[in-house]
Amino acid sequence: MKKIGIFVHSQSKAAAKLAEDVREYAASQGTEDVWVSSDWEASDLQIQIPGTELLICLGGDGTVLHAARSVIPYEVPILGVNMGRLGFLAEVRPADLMDYLPRLLGGDYRVELRSMLQAKVPAWGVTYHALNDVVVGRKTVSRPVYVEVAVNGSRLAIHRCDAVIVATATGSTAYSLSAGGPILHPESADLIITPVSTHMAVARPIVMPPDTTIDLTVSADKDAIVSVDGQIDHDLDSGQTVTVCRSAHSARFVRFSEPKDYYALLSERLDWLRVLRTVDNPDLFDLDVAAMPQ
């Protein structure tokens, strides 16, 4: 590879140290241009991205979300290195990164495509892209908002709620999951509409096909906002509409694991196999419970 980038969490000293180790190794293997940037250097990142063949993200899921939006419109594969907590978007641990570098620089990996969202507010004339979700909801704690949901131009519902989430398959394990939404396989192109804390009404999440256009119109006597990936927030006036659909751009993630391994990773991240042995059935699962994190 001639040019690779390293995107680090700006407040992580460990990420900065690891970035220097990666830079030195890549340079020693003949990589001509190895640049380092952080989530505080957005303008620098935009300058560096063109021509980059690989972006290594050192941080948590938030760092990867930022990177996925920043590389648009360039089709740059992203490797997430989990230096945060859950690390749903990460492929390797920091301690293993140096061992994977020969394969990375040699292109020995597969690329997993992840759908993204496009969100527009016609009154602003600005387009945003999201990897996880777009959320329209209340800005203050005291009052709910009314969000009218229309699908392909047809009114679906009016929710009196805290928020309405439109999520991708990647975002199905984020805010949408905590609000009761379903989990989709990460390479699914479907969209999820998840109402949050609806008042005096029965509302359920809905899975929509990839070509769906969703209009979220807010009505509130208190402040409302639209949030993109939980990182970009803008105030909404009562009556404003946010139009959400599948983006023409996709995130590209470097993967060393096989697609089938996703379910094992999901189980690990959500701690679904955490069980306690019982007197009646001590061999229910062959797990060393004492060695598991408490």
# chains A, B, ... in the order shown; residues from 1 in each chain; ligands from 1

call {"tool": "residues_around", "arguments": {"residues": "segment 60-62 of chain A", "least_positions_apart": "6", "cutoff": "12 Å", "atoms": "only C-alpha atoms", "output": "PyMOL selection string"}}
result
chain A and resi 7-12+15+39+68-69+79-94+130-132+170-171+173-174+228-232

call {"tool": "write_last_selection", "arguments": {"atoms": "N, CA and C atoms", "output": "mmCIF file, in the first residue's frame"}}
result
data_model
loop_
_atom_site.group_PDB
_atom_site.id
_atom_site.type_symbol
_atom_site.label_atom_id
_atom_site.label_comp_id
_atom_site.auth_asym_id
_atom_site.auth_seq_id
_atom_site.Cartn_x
_atom_site.Cartn_y
_atom_site.Cartn_z
ATOM 1 N N PHE A 7 -6.516 7.030 12.323
ATOM 2 C CA PHE A 7 -7.459 7.974 12.930
ATOM 3 C C PHE A 7 -7.583 7.629 14.402
ATOM 4 N N VAL A 8 -7.180 8.539 15.280
ATOM 5 C CA VAL A 8 -7.093 8.220 16.703
ATOM 6 C C VAL A 8 -8.086 9.040 17.529
ATOM 7 N N HIS A 9 -8.483 8.462 18.643
ATOM 8 C CA HIS A 9 -9.265 9.210 19.624
ATOM 9 C C HIS A 9 -8.348 10.254 20.246
ATOM 10 N N SER A 10 -8.767 11.500 20.197
ATOM 11 C CA SER A 10 -7.889 12.604 20.565
ATOM 12 C C SER A 10 -7.477 12.600 22.034
ATOM 13 N N GLN A 11 -8.239 11.950 22.901
ATOM 14 C CA GLN A 11 -7.945 11.984 24.325
ATOM 15 C C GLN A 11 -7.341 10.683 24.849
ATOM 16 N N SER A 12 -6.925 9.815 23.938
ATOM 17 C CA SER A 12 -6.360 8.531 24.346
ATOM 18 C C SER A 12 -4.859 8.526 24.119
ATOM 19 N N ALA A 15 -3.861 5.298 22.391
ATOM 20 C CA ALA A 15 -4.099 5.317 20.947
ATOM 21 C C ALA A 15 -2.985 6.069 20.227
ATOM 22 N N ASP A 39 -10.015 12.942 15.980
ATOM 23 C CA ASP A 39 -11.388 13.422 15.854
ATOM 24 C C ASP A 39 -11.517 14.916 16.163
ATOM 25 N N ALA A 68 -16.346 6.817 9.524
ATOM 26 C CA ALA A 68 -17.193 6.336 8.430
ATOM 27 C C ALA A 68 -17.873 7.488 7.698
ATOM 28 N N ARG A 69 -18.263 8.520 8.438
ATOM 29 C CA ARG A 69 -18.871 9.685 7.786
ATOM 30 C C ARG A 69 -17.812 10.533 7.083
ATOM 31 N N LEU A 79 -10.477 -0.213 9.356
ATOM 32 C CA LEU A 79 -10.245 -1.234 10.377
ATOM 33 C C LEU A 79 -10.434 -0.590 11.736
ATOM 34 N N GLY A 80 -11.374 -1.117 12.512
ATOM 35 C CA GLY A 80 -11.601 -0.620 13.866
ATOM 36 C C GLY A 80 -10.777 -1.392 14.879
ATOM 37 N N VAL A 81 -10.053 -0.675 15.713
ATOM 38 C CA VAL A 81 -9.279 -1.286 16.795
ATOM 39 C C VAL A 81 -9.906 -0.822 18.103
ATOM 40 N N ASN A 82 -10.431 -1.750 18.864
ATOM 41 C CA ASN A 82 -11.241 -1.404 20.028
ATOM 42 C C ASN A 82 -10.399 -0.952 21.214
ATOM 43 N N MET A 83 -10.400 0.355 21.439
ATOM 44 C CA MET A 83 -9.749 0.903 22.631
ATOM 45 C C MET A 83 -10.794 1.547 23.528
ATOM 46 N N GLY A 84 -12.074 1.162 23.284
ATOM 47 C CA GLY A 84 -13.169 1.690 24.079
ATOM 48 C C GLY A 84 -13.775 0.606 24.946
ATOM 49 N N ARG A 85 -15.119 0.522 24.953
ATOM 50 C CA ARG A 85 -15.806 -0.430 25.810
ATOM 51 C C ARG A 85 -16.323 -1.619 24.996
ATOM 52 N N LEU A 86 -17.564 -1.559 24.495
ATOM 53 C CA LEU A 86 -18.130 -2.711 23.803
ATOM 54 C C LEU A 86 -17.410 -3.032 22.504
ATOM 55 N N GLY A 87 -17.183 -2.052 21.662
ATOM 56 C CA GLY A 87 -16.458 -2.286 20.425
ATOM 57 C C GLY A 87 -17.219 -3.118 19.410
ATOM 58 N N PHE A 88 -18.509 -2.827 19.199
ATOM 59 C CA PHE A 88 -19.288 -3.548 18.202
ATOM 60 C C PHE A 88 -18.697 -3.384 16.795
ATOM 61 N N LEU A 89 -18.101 -2.229 16.520
ATOM 62 C CA LEU A 89 -17.614 -1.950 15.170
ATOM 63 C C LEU A 89 -16.149 -2.324 14.980
ATOM 64 N N ALA A 90 -15.496 -2.744 16.028
ATOM 65 C CA ALA A 90 -14.065 -3.044 15.954
ATOM 66 C C ALA A 90 -13.835 -4.494 15.543
ATOM 67 N N GLU A 91 -12.713 -4.722 14.872
ATOM 68 C CA GLU A 91 -12.366 -6.067 14.441
ATOM 69 C C GLU A 91 -11.260 -6.679 15.292
ATOM 70 N N VAL A 92 -10.328 -5.879 15.781
ATOM 71 C CA VAL A 92 -9.193 -6.439 16.527
ATOM 72 C C VAL A 92 -8.983 -5.685 17.829
ATOM 73 N N ARG A 93 -8.262 -6.327 18.732
ATOM 74 C CA ARG A 93 -7.872 -5.701 19.990
ATOM 75 C C ARG A 93 -6.524 -5.010 19.818
ATOM 76 N N PRO A 94 -6.248 -3.998 20.628
ATOM 77 C CA PRO A 94 -4.971 -3.285 20.496
ATOM 78 C C PRO A 94 -3.760 -4.213 20.576
ATOM 79 N N ALA A 130 -25.267 8.969 8.051
ATOM 80 C CA ALA A 130 -25.141 8.314 9.359
ATOM 81 C C ALA A 130 -24.885 6.834 9.155
ATOM 82 N N LEU A 131 -24.051 6.270 9.990
ATOM 83 C CA LEU A 131 -23.813 4.823 9.958
ATOM 84 C C LEU A 131 -24.766 4.098 10.899
ATOM 85 N N ASN A 132 -25.033 4.668 12.059
ATOM 86 C CA ASN A 132 -25.913 4.032 13.039
ATOM 87 C C ASN A 132 -27.372 4.435 12.876
ATOM 88 N N THR A 170 -26.394 -1.750 11.169
ATOM 89 C CA THR A 170 -25.307 -1.476 12.114
ATOM 90 C C THR A 170 -25.856 -0.826 13.375
ATOM 91 N N GLY A 171 -26.775 0.121 13.211
ATOM 92 C CA GLY A 171 -27.373 0.815 14.339
ATOM 93 C C GLY A 171 -28.390 -0.013 15.107
ATOM 94 N N THR A 173 -27.865 -2.464 16.877
ATOM 95 C CA THR A 173 -27.320 -2.852 18.184
ATOM 96 C C THR A 173 -26.945 -1.630 19.014
ATOM 97 N N ALA A 174 -27.411 -0.457 18.609
ATOM 98 C CA ALA A 174 -27.110 0.773 19.345
ATOM 99 C C ALA A 174 -28.368 1.268 20.058
ATOM 100 N N VAL A 228 -27.640 12.940 14.540
ATOM 101 C CA VAL A 228 -27.051 12.048 13.544
ATOM 102 C C VAL A 228 -25.930 11.252 14.216
ATOM 103 N N ASP A 229 -26.124 9.944 14.326
ATOM 104 C CA ASP A 229 -25.152 9.061 14.974
ATOM 105 C C ASP A 229 -24.840 9.487 16.405
ATOM 106 N N GLY A 230 -25.707 10.270 17.030
ATOM 107 C CA GLY A 230 -25.467 10.727 18.392
ATOM 108 C C GLY A 230 -24.304 11.685 18.506
ATOM 109 N N GLN A 231 -23.798 12.180 17.365
ATOM 110 C CA GLN A 231 -22.611 13.037 17.371
ATOM 111 C C GLN A 231 -22.859 14.411 16.760
ATOM 112 N N ILE A 232 -23.870 14.516 15.921
ATOM 113 C CA ILE A 232 -24.218 15.797 15.299
ATOM 114 C C ILE A 232 -25.657 16.117 15.679
#

call {"tool": "select_by_dssp", "arguments": {"residues": "segment 21-209 of chain A", "states": "helix (DSSP H, G or I)", "output": "ChimeraX atom specification"}}
result
/A:21-28,42-48,61-70,94-105,170-173,175-178

call {"tool": "closest_residue", "arguments": {"among": "A:Ile6, A:Leu117, A:Val71, A:Val151", "to": "Asp190 of chain A", "atoms": "only C-alpha atoms"}}
result
A:Leu117

call {"tool": "residues_around", "arguments": {"residues": "Cys161 of chain A", "least_positions_apart": "3", "cutoff": "6 Å", "atoms": "only C-alpha atoms", "output": "list in words"}}
result
Pro144, Val145, Ser197, Thr198 and His199 of chain A

call {"tool": "closest_residue", "arguments": {"among": "A:Ala119, A:Gly107, A:Gly5, A:Ala251", "to": "Asp44 of chain A", "atoms": "only C-alpha atoms"}}
result
A:Gly5

call {"tool": "residues_around", "arguments": {"residues": "Gly181 of chain A", "least_positions_apart": "2", "cutoff": "12 Å", "atoms": "only C-alpha atoms", "output": "PyMOL selection string"}}
result
chain A and resi 164-169+171-179+183-184+191-196+203-207

call {"tool": "residues_around", "arguments": {"residues": "Ala220 of chain A", "least_positions_apart": "3", "cutoff": "7 Å", "atoms": "only C-alpha atoms", "output": "list of chain:residue names"}}
result
A:Val145, A:Tyr146, A:Asp223, A:Ala224, A:Ser238

call {"tool": "closest_residue", "arguments": {"among": "A:Pro186, A:Ser227, A:Ser154, A:Pro50", "to": "Tyr263 of chain A", "atoms": "only C-alpha atoms"}}
result
A:Pro186

call {"tool": "residues_around", "arguments": {"residues": "Glu75 of chain A", "least_positions_apart": "2", "cutoff": "10 Å", "atoms": "only C-alpha atoms", "output": "count of residues only"}}
result
16

call {"tool": "atom_distance", "arguments": {"atom1": "atom CA of Leu101 of chain A", "atom2": "atom CA of Ile47 of chain A"}}
result
24.5 Å

call {"tool": "select_by_dssp", "arguments": {"residues": "segment 161-234 of chain A", "states": "strand (DSSP E)", "output": "ChimeraX atom specification"}}
result
/A:161,163-167,191-196,206-208,213-219,224-228,232-234

call {"tool": "residues_around", "arguments": {"residues": "Gly153 of chain A", "least_positions_apart": "5", "cutoff": "12 Å", "atoms": "only C-alpha atoms", "output": "list in words"}}
result
Glu148, Thr212, Thr213, Ile214, Asp215, Leu216, Thr243 and Val244 of chain A
